[in-house]
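Below is data_16.csv, holding CSV, C-alpha atoms.
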```csv
chain,number,residue,atom,x,y,z
A,201,ALA,CA,-13.4,23.0,-24.2
A,202,GLN,CA,-9.9,22.3,-25.5
A,203,SER,CA,-8.8,18.7,-25.8
A,204,VAL,CA,-6.1,16.7,-27.4
A,205,THR,CA,-6.4,13.1,-28.7
A,206,GLN,CA,-3.5,10.9,-29.6
A,207,PRO,CA,-5.1,7.8,-31.0
A,208,ASP,CA,-2.1,5.5,-30.8
A,209,ILE,CA,-1.0,4.5,-27.3
A,210,HIS,CA,2.0,2.5,-28.7
A,211,ILE,CA,3.7,2.5,-32.0
A,212,THR,CA,6.6,0.2,-33.1
A,213,VAL,CA,8.7,0.9,-36.1
A,214,SER,CA,12.0,-0.5,-37.4
A,215,GLU,CA,15.1,1.6,-37.2
A,216,GLY,CA,15.5,3.6,-40.4
A,217,ALA,CA,11.8,3.5,-41.2
A,218,SER,CA,9.6,6.5,-41.4
A,219,LEU,CA,7.3,7.6,-38.6
A,220,GLU,CA,4.1,9.4,-38.2
A,221,LEU,CA,2.4,10.1,-34.9
A,222,ARG,CA,-1.1,11.3,-34.9
A,223,CYS,CA,-2.6,14.2,-33.0
A,224,ASN,CA,-6.1,15.6,-33.2
A,225,TYR,CA,-7.2,18.6,-31.2
A,226,SER,CA,-10.3,20.6,-30.2
A,227,TYR,CA,-9.8,24.3,-29.6
A,228,GLY,CA,-12.1,27.3,-29.9
A,229,ALA,CA,-9.8,29.6,-31.8
A,230,THR,CA,-6.6,29.5,-33.7
A,231,PRO,CA,-4.6,26.8,-31.9
A,232,TYR,CA,-1.2,27.0,-30.5
A,233,LEU,CA,0.2,23.5,-30.9
A,234,PHE,CA,3.2,21.7,-29.5
A,235,TRP,CA,5.0,18.4,-29.6
A,236,TYR,CA,7.1,17.3,-26.6
A,237,VAL,CA,9.2,14.2,-26.1
A,238,GLN,CA,9.9,12.4,-22.8
A,239,SER,CA,12.8,10.0,-22.9
A,240,PRO,CA,12.9,7.2,-20.3
A,241,GLY,CA,13.4,8.7,-16.8
A,242,GLN,CA,13.8,12.1,-18.3
A,243,GLY,CA,11.9,15.4,-18.3
A,244,LEU,CA,10.0,16.8,-21.2
A,245,GLN,CA,11.6,18.5,-24.1
A,246,LEU,CA,10.0,20.6,-26.8
A,247,LEU,CA,10.4,19.2,-30.3
A,248,LEU,CA,8.5,21.9,-32.2
A,249,LYS,CA,5.6,24.3,-32.0
A,250,TYR,CA,3.0,25.9,-34.3
A,251,PHE,CA,1.5,29.4,-33.8
A,252,SER,CA,0.8,30.7,-37.3
A,253,GLY,CA,2.1,30.9,-40.8
A,254,ASP,CA,3.6,28.0,-42.6
A,255,THR,CA,1.6,24.9,-41.8
A,256,LEU,CA,4.7,22.6,-42.0
A,257,VAL,CA,7.0,23.3,-39.1
A,258,GLN,CA,10.5,21.9,-38.5
A,259,GLY,CA,11.7,20.9,-35.1
A,260,ILE,CA,14.8,19.5,-33.5
A,261,LYS,CA,16.2,16.0,-34.0
A,262,GLY,CA,14.9,15.9,-37.6
A,263,PHE,CA,11.2,16.0,-36.7
A,264,GLU,CA,8.5,18.0,-38.5
A,265,ALA,CA,4.8,18.4,-38.1
A,266,GLU,CA,2.0,19.6,-40.3
A,267,PHE,CA,-1.0,21.6,-39.2
A,268,LYS,CA,-4.2,20.8,-41.0
A,269,ARG,CA,-7.0,23.0,-39.9
A,270,SER,CA,-9.7,21.2,-41.9
A,271,GLN,CA,-8.8,17.9,-40.1
A,272,SER,CA,-8.0,19.5,-36.7
A,273,SER,CA,-4.7,17.6,-36.8
A,274,PHE,CA,-1.1,18.2,-36.1
A,275,ASN,CA,0.8,15.0,-36.9
A,276,LEU,CA,4.4,14.5,-36.2
A,277,ARG,CA,6.7,12.9,-38.7
A,278,LYS,CA,10.3,11.8,-39.2
A,279,PRO,CA,11.7,10.3,-42.4
A,280,SER,CA,14.0,7.9,-40.7
A,281,VAL,CA,14.0,7.0,-37.0
A,282,HIS,CA,17.0,6.2,-34.9
A,283,TRP,CA,17.1,3.9,-31.9
A,284,SER,CA,17.5,7.0,-29.7
A,285,ASP,CA,14.1,8.2,-30.8
A,286,ALA,CA,12.4,5.6,-28.5
A,287,ALA,CA,10.5,7.7,-26.1
A,288,GLU,CA,7.0,8.9,-25.3
A,289,TYR,CA,5.7,11.7,-27.4
A,290,PHE,CA,3.1,14.2,-26.3
A,291,CYS,CA,1.0,16.6,-28.3
A,292,ALA,CA,-0.3,19.7,-26.6
A,293,VAL,CA,-2.6,22.6,-27.4
A,294,GLY,CA,-3.4,25.9,-25.7
A,295,ASP,CA,-2.3,29.3,-24.8
A,296,ASP,CA,-2.5,30.3,-21.1
A,297,LYS,CA,-3.9,26.8,-20.4
A,298,ILE,CA,-1.8,24.2,-22.1
A,299,ILE,CA,-3.4,20.7,-22.3
A,300,PHE,CA,-1.5,17.6,-23.2
A,301,GLY,CA,-2.7,14.4,-24.9
A,302,LYS,CA,-2.2,11.0,-23.3
A,303,GLY,CA,0.9,10.3,-25.2
A,304,THR,CA,2.2,7.8,-27.7
A,305,ARG,CA,5.0,5.5,-26.7
A,306,LEU,CA,7.4,4.8,-29.6
A,307,HIS,CA,9.3,1.5,-29.7
A,308,ILE,CA,12.2,1.0,-32.2
A,309,LEU,CA,13.1,-2.4,-33.6
A,310,PRO,CA,16.7,-2.9,-34.4
B,420,ASN,CA,21.7,27.2,-14.8
B,421,ALA,CA,19.2,25.7,-12.5
B,422,GLY,CA,16.1,26.3,-14.6
B,423,VAL,CA,13.1,24.9,-12.8
B,424,THR,CA,13.7,23.4,-9.4
B,425,GLN,CA,11.2,21.2,-7.6
B,426,THR,CA,11.4,20.0,-4.0
B,427,PRO,CA,11.1,17.4,-2.7
B,428,LYS,CA,11.9,14.9,-5.4
B,429,PHE,CA,10.3,12.0,-3.4
B,430,GLN,CA,7.7,11.9,-0.7
B,431,VAL,CA,5.6,9.3,1.0
B,432,LEU,CA,2.5,10.4,2.8
B,433,LYS,CA,-0.2,8.8,4.8
B,434,THR,CA,-3.8,9.4,3.8
B,435,GLY,CA,-5.0,12.6,5.3
B,436,GLN,CA,-1.6,14.2,5.7
B,437,SER,CA,-0.8,17.5,4.1
B,438,MET,CA,2.2,18.7,2.2
B,439,THR,CA,3.5,21.4,-0.1
B,440,LEU,CA,5.5,20.9,-3.3
B,441,GLN,CA,7.8,23.8,-4.0
B,442,CYS,CA,8.8,25.0,-7.4
B,443,ALA,CA,11.1,27.8,-8.3
B,444,GLN,CA,12.4,29.1,-11.6
B,445,ASP,CA,15.3,31.3,-12.3
B,446,MET,CA,14.5,32.3,-15.9
B,447,ASN,CA,12.4,35.3,-15.1
B,448,HIS,CA,9.4,33.5,-16.7
B,449,ASN,CA,5.9,34.9,-16.3
B,450,SER,CA,3.9,31.7,-16.5
B,451,MET,CA,4.1,28.7,-14.3
B,452,TYR,CA,2.2,25.4,-14.2
B,453,TRP,CA,1.6,22.3,-12.2
B,454,TYR,CA,0.9,19.0,-13.9
B,455,ARG,CA,0.5,15.4,-12.7
B,456,GLN,CA,1.6,12.4,-14.8
B,457,ASP,CA,0.0,9.0,-14.4
B,458,PRO,CA,0.6,5.9,-16.5
B,459,GLY,CA,-1.7,6.0,-19.6
B,460,MET,CA,-3.1,9.5,-18.7
B,461,GLY,CA,-0.4,11.8,-20.1
B,462,LEU,CA,0.1,15.0,-18.3
B,463,ARG,CA,-2.9,16.6,-16.7
B,464,LEU,CA,-2.9,20.3,-15.8
B,465,ILE,CA,-3.7,20.9,-12.1
B,466,TYR,CA,-3.3,24.7,-11.9
B,467,TYR,CA,-1.5,27.4,-13.7
B,468,SER,CA,-0.4,31.0,-13.2
B,469,ALA,CA,-0.3,33.1,-16.3
B,470,SER,CA,1.4,35.9,-14.5
B,471,GLU,CA,2.5,36.9,-11.0
B,472,GLY,CA,-0.6,37.4,-8.9
B,473,THR,CA,-2.9,35.2,-10.9
B,474,THR,CA,-3.8,31.5,-10.6
B,475,ASP,CA,-6.4,29.5,-12.5
B,476,LYS,CA,-7.7,26.0,-12.3
B,477,GLY,CA,-6.6,23.4,-14.9
B,478,GLU,CA,-8.2,20.0,-15.7
B,479,VAL,CA,-7.9,18.3,-12.3
B,480,PRO,CA,-7.8,20.9,-9.6
B,481,ASN,CA,-9.8,19.1,-6.9
B,482,GLY,CA,-7.8,18.4,-3.8
B,483,TYR,CA,-5.1,20.9,-4.5
B,484,ASN,CA,-4.4,24.5,-3.8
B,485,VAL,CA,-1.6,26.7,-5.2
B,486,SER,CA,0.2,29.9,-4.3
B,487,ARG,CA,2.1,32.1,-6.7
B,488,LEU,CA,4.4,33.5,-4.0
B,489,ASN,CA,6.3,35.8,-6.3
B,490,LYS,CA,7.4,35.7,-9.9
B,491,ARG,CA,9.9,32.9,-9.2
B,492,GLU,CA,7.9,30.6,-7.0
B,493,PHE,CA,4.7,28.5,-7.5
B,494,SER,CA,3.8,26.0,-4.8
B,495,LEU,CA,1.3,23.2,-4.8
B,496,ARG,CA,-0.4,22.1,-1.6
B,497,LEU,CA,-2.3,19.0,-0.8
B,498,GLU,CA,-4.4,19.7,2.2
B,499,SER,CA,-5.6,16.1,2.9
B,500,ALA,CA,-3.7,13.6,0.8
B,501,ALA,CA,-5.6,10.7,-0.8
B,502,PRO,CA,-4.2,7.6,-2.5
B,503,SER,CA,-5.7,8.9,-5.8
B,504,GLN,CA,-3.1,11.7,-5.6
B,505,THR,CA,-0.2,9.2,-5.9
B,506,SER,CA,1.5,10.5,-9.0
B,507,VAL,CA,4.6,12.2,-10.4
B,508,TYR,CA,4.2,16.0,-10.3
B,509,PHE,CA,5.8,18.3,-12.7
B,510,CYS,CA,6.3,22.0,-12.4
B,511,ALA,CA,6.9,24.0,-15.6
B,512,SER,CA,7.4,27.6,-16.6
B,513,SER,CA,7.3,29.6,-19.8
B,514,ALA,CA,8.4,33.1,-20.7
B,515,ASP,CA,4.9,34.0,-21.9
B,516,ARG,CA,1.5,32.6,-22.6
B,517,VAL,CA,2.5,30.5,-25.6
B,518,GLY,CA,6.1,29.9,-25.0
B,519,GLU,CA,8.1,26.7,-24.6
B,520,LEU,CA,7.4,25.0,-21.4
B,521,PHE,CA,10.5,24.3,-19.3
B,522,PHE,CA,9.9,21.4,-16.9
B,523,GLY,CA,11.4,20.5,-13.5
B,524,GLU,CA,12.7,17.0,-12.9
B,525,GLY,CA,9.5,15.9,-11.2
B,526,SER,CA,8.4,15.0,-7.7
B,527,ARG,CA,7.2,11.4,-7.0
B,528,LEU,CA,4.5,11.4,-4.4
B,529,THR,CA,3.1,8.2,-2.9
B,530,VAL,CA,0.1,8.4,-0.6
B,531,LEU,CA,-0.5,5.2,1.4
```
In structure tokens, what does this structure look like?
Amino acid sequence: AQSVTQPDIHITVSEGASLELRCNYSYGATPYLFWYVQSPGQGLQLLLKYFSGDTLVQGIKGFEAEFKRSQSSFNLRKPSVHWSDAAEYFCAVGDDKIIFGKGTRLHILP
Amino acid sequence: NAGVTQTPKFQVLKTGQSMTLQCAQDMNHNSMYWYRQDPGMGLRLIYYSASEGTTDKGEVPNGYNVSRLNKREFSLRLESAAPSQTSVYFCASSADRVGELFFGEGSRLTVL
């Protein structure tokens, strides 16, 4: 059965610092992987997605993610966070049936 | 551009009452989804419809039914609401099986 684990419920980083949000998945075949962001009181927006090919994918707002098949991971990174990045981030996996992780809430210190 | 429209946005029900959440998309998307979002639980898939005429169970289908009325519309019905169904419900659509999900604004349901 497919599943997604986001080990960190909350992460706090200082503005300007680098960020890595972890995501591990379980999926029977080649996974389709996604990262979504939900800003306070807002809907969900796609940051990036991986289907095949280059394992390092670039997304919007300066985010990137790396697919590592051997580790069943798809971690999200950003070199330098901005206060506006404070939000909840969701990793998702699937094709017809898209399953989300429980999310990581990112807090930014000024 | 309306995108994905959900109605109602807010609803309060008493235990045992029934209601239907409506969802419509104007992007000619093939796939549609219903999720619920609860604090600390992320988004959990209730039902999905990969194409017009098909529906399938997601992670938490118990207590819900769905209808893919046509390509545009995908409704979610609670036949006998329970307090455990208090949640924020999101409808989403995508162009195809692995496309970007476009979400509605959410429907906040409270069951007393």
Discussion item. Using all atoms listed in the file, can you tell me which of A:Gly294, A:Leu233, A:His282, A:Leu309 comes closest to Gly216 (chain A)?
Written reply: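 Closest candidate: A:His282.
Checking B:Ala511, B:Val517, B:Met446, B:Met438 one by one against chain A, counting all atoms listed in the file, you find the shortest gap at B:Val517.
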Worksheet item: Taking all atoms listed in the file into account, which of B:Ser499, B:Cys510, B:Gln436, B:Arg491 comes nearest Tyr452 (chain B)?
Response: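 Closest candidate: B:Cys510.
Residue nearest Ser470 (chain B), chosen from B:Leu495, B:Val423, B:Ala514, B:Leu440 and counting all atoms listed in the file: B:Ala514.
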Worksheet item: For Thr212 (chain A), which of A:Gln245, A:Thr304, A:Asn275, A:Thr255 is the closest residue, counting only C-alpha atoms?
Response: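 Of the candidates, the smallest distance to Thr212 (chain A) is held by A:Thr304.
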Worksheet entry | Distance filter 12 Å, all atoms listed in the file, chain A against chain B, as number ranges by chain | A: 201-206, 208-210, 231-238, 241-252, 288-305
Worksheet item: Between CA of Gly259 (chain A) and CA of Ser214 (chain A), what is the spacing in Å?
Response: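 That distance, rounded to one decimal, is 21.5 Å.
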Worksheet item: Any idea what the distance is between CA of Leu531 (chain B) and CA of Val485 (chain B)?
Response: 22.5 Å
Discussion item. Between A:Ser280, A:Gln271, A:Ser239, A:Gln258, which residue has the minimum interatomic distance to Leu306 (chain A), considering all atoms listed in the file?
Written reply: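 Comparing A:Ser280, A:Gln271, A:Ser239, A:Gln258 against Leu306 (chain A), the winner is A:Ser239.
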Worksheet item: What is the distance, in Å and to one decimal place, between CA of Pro279 (chain A) and CA of Glu264 (chain A)?
Response: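 Result for CA of Pro279 (chain A) versus CA of Glu264 (chain A): 9.2 Å, one decimal.
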Worksheet entry | Long-range neighbours of Leu488 (chain B) as a PyMOL selection string, 12 Å cut-off, only C-alpha atoms, 5 positions minimum in chain | chain B and resi 441-444+451+468+470-474+493-495
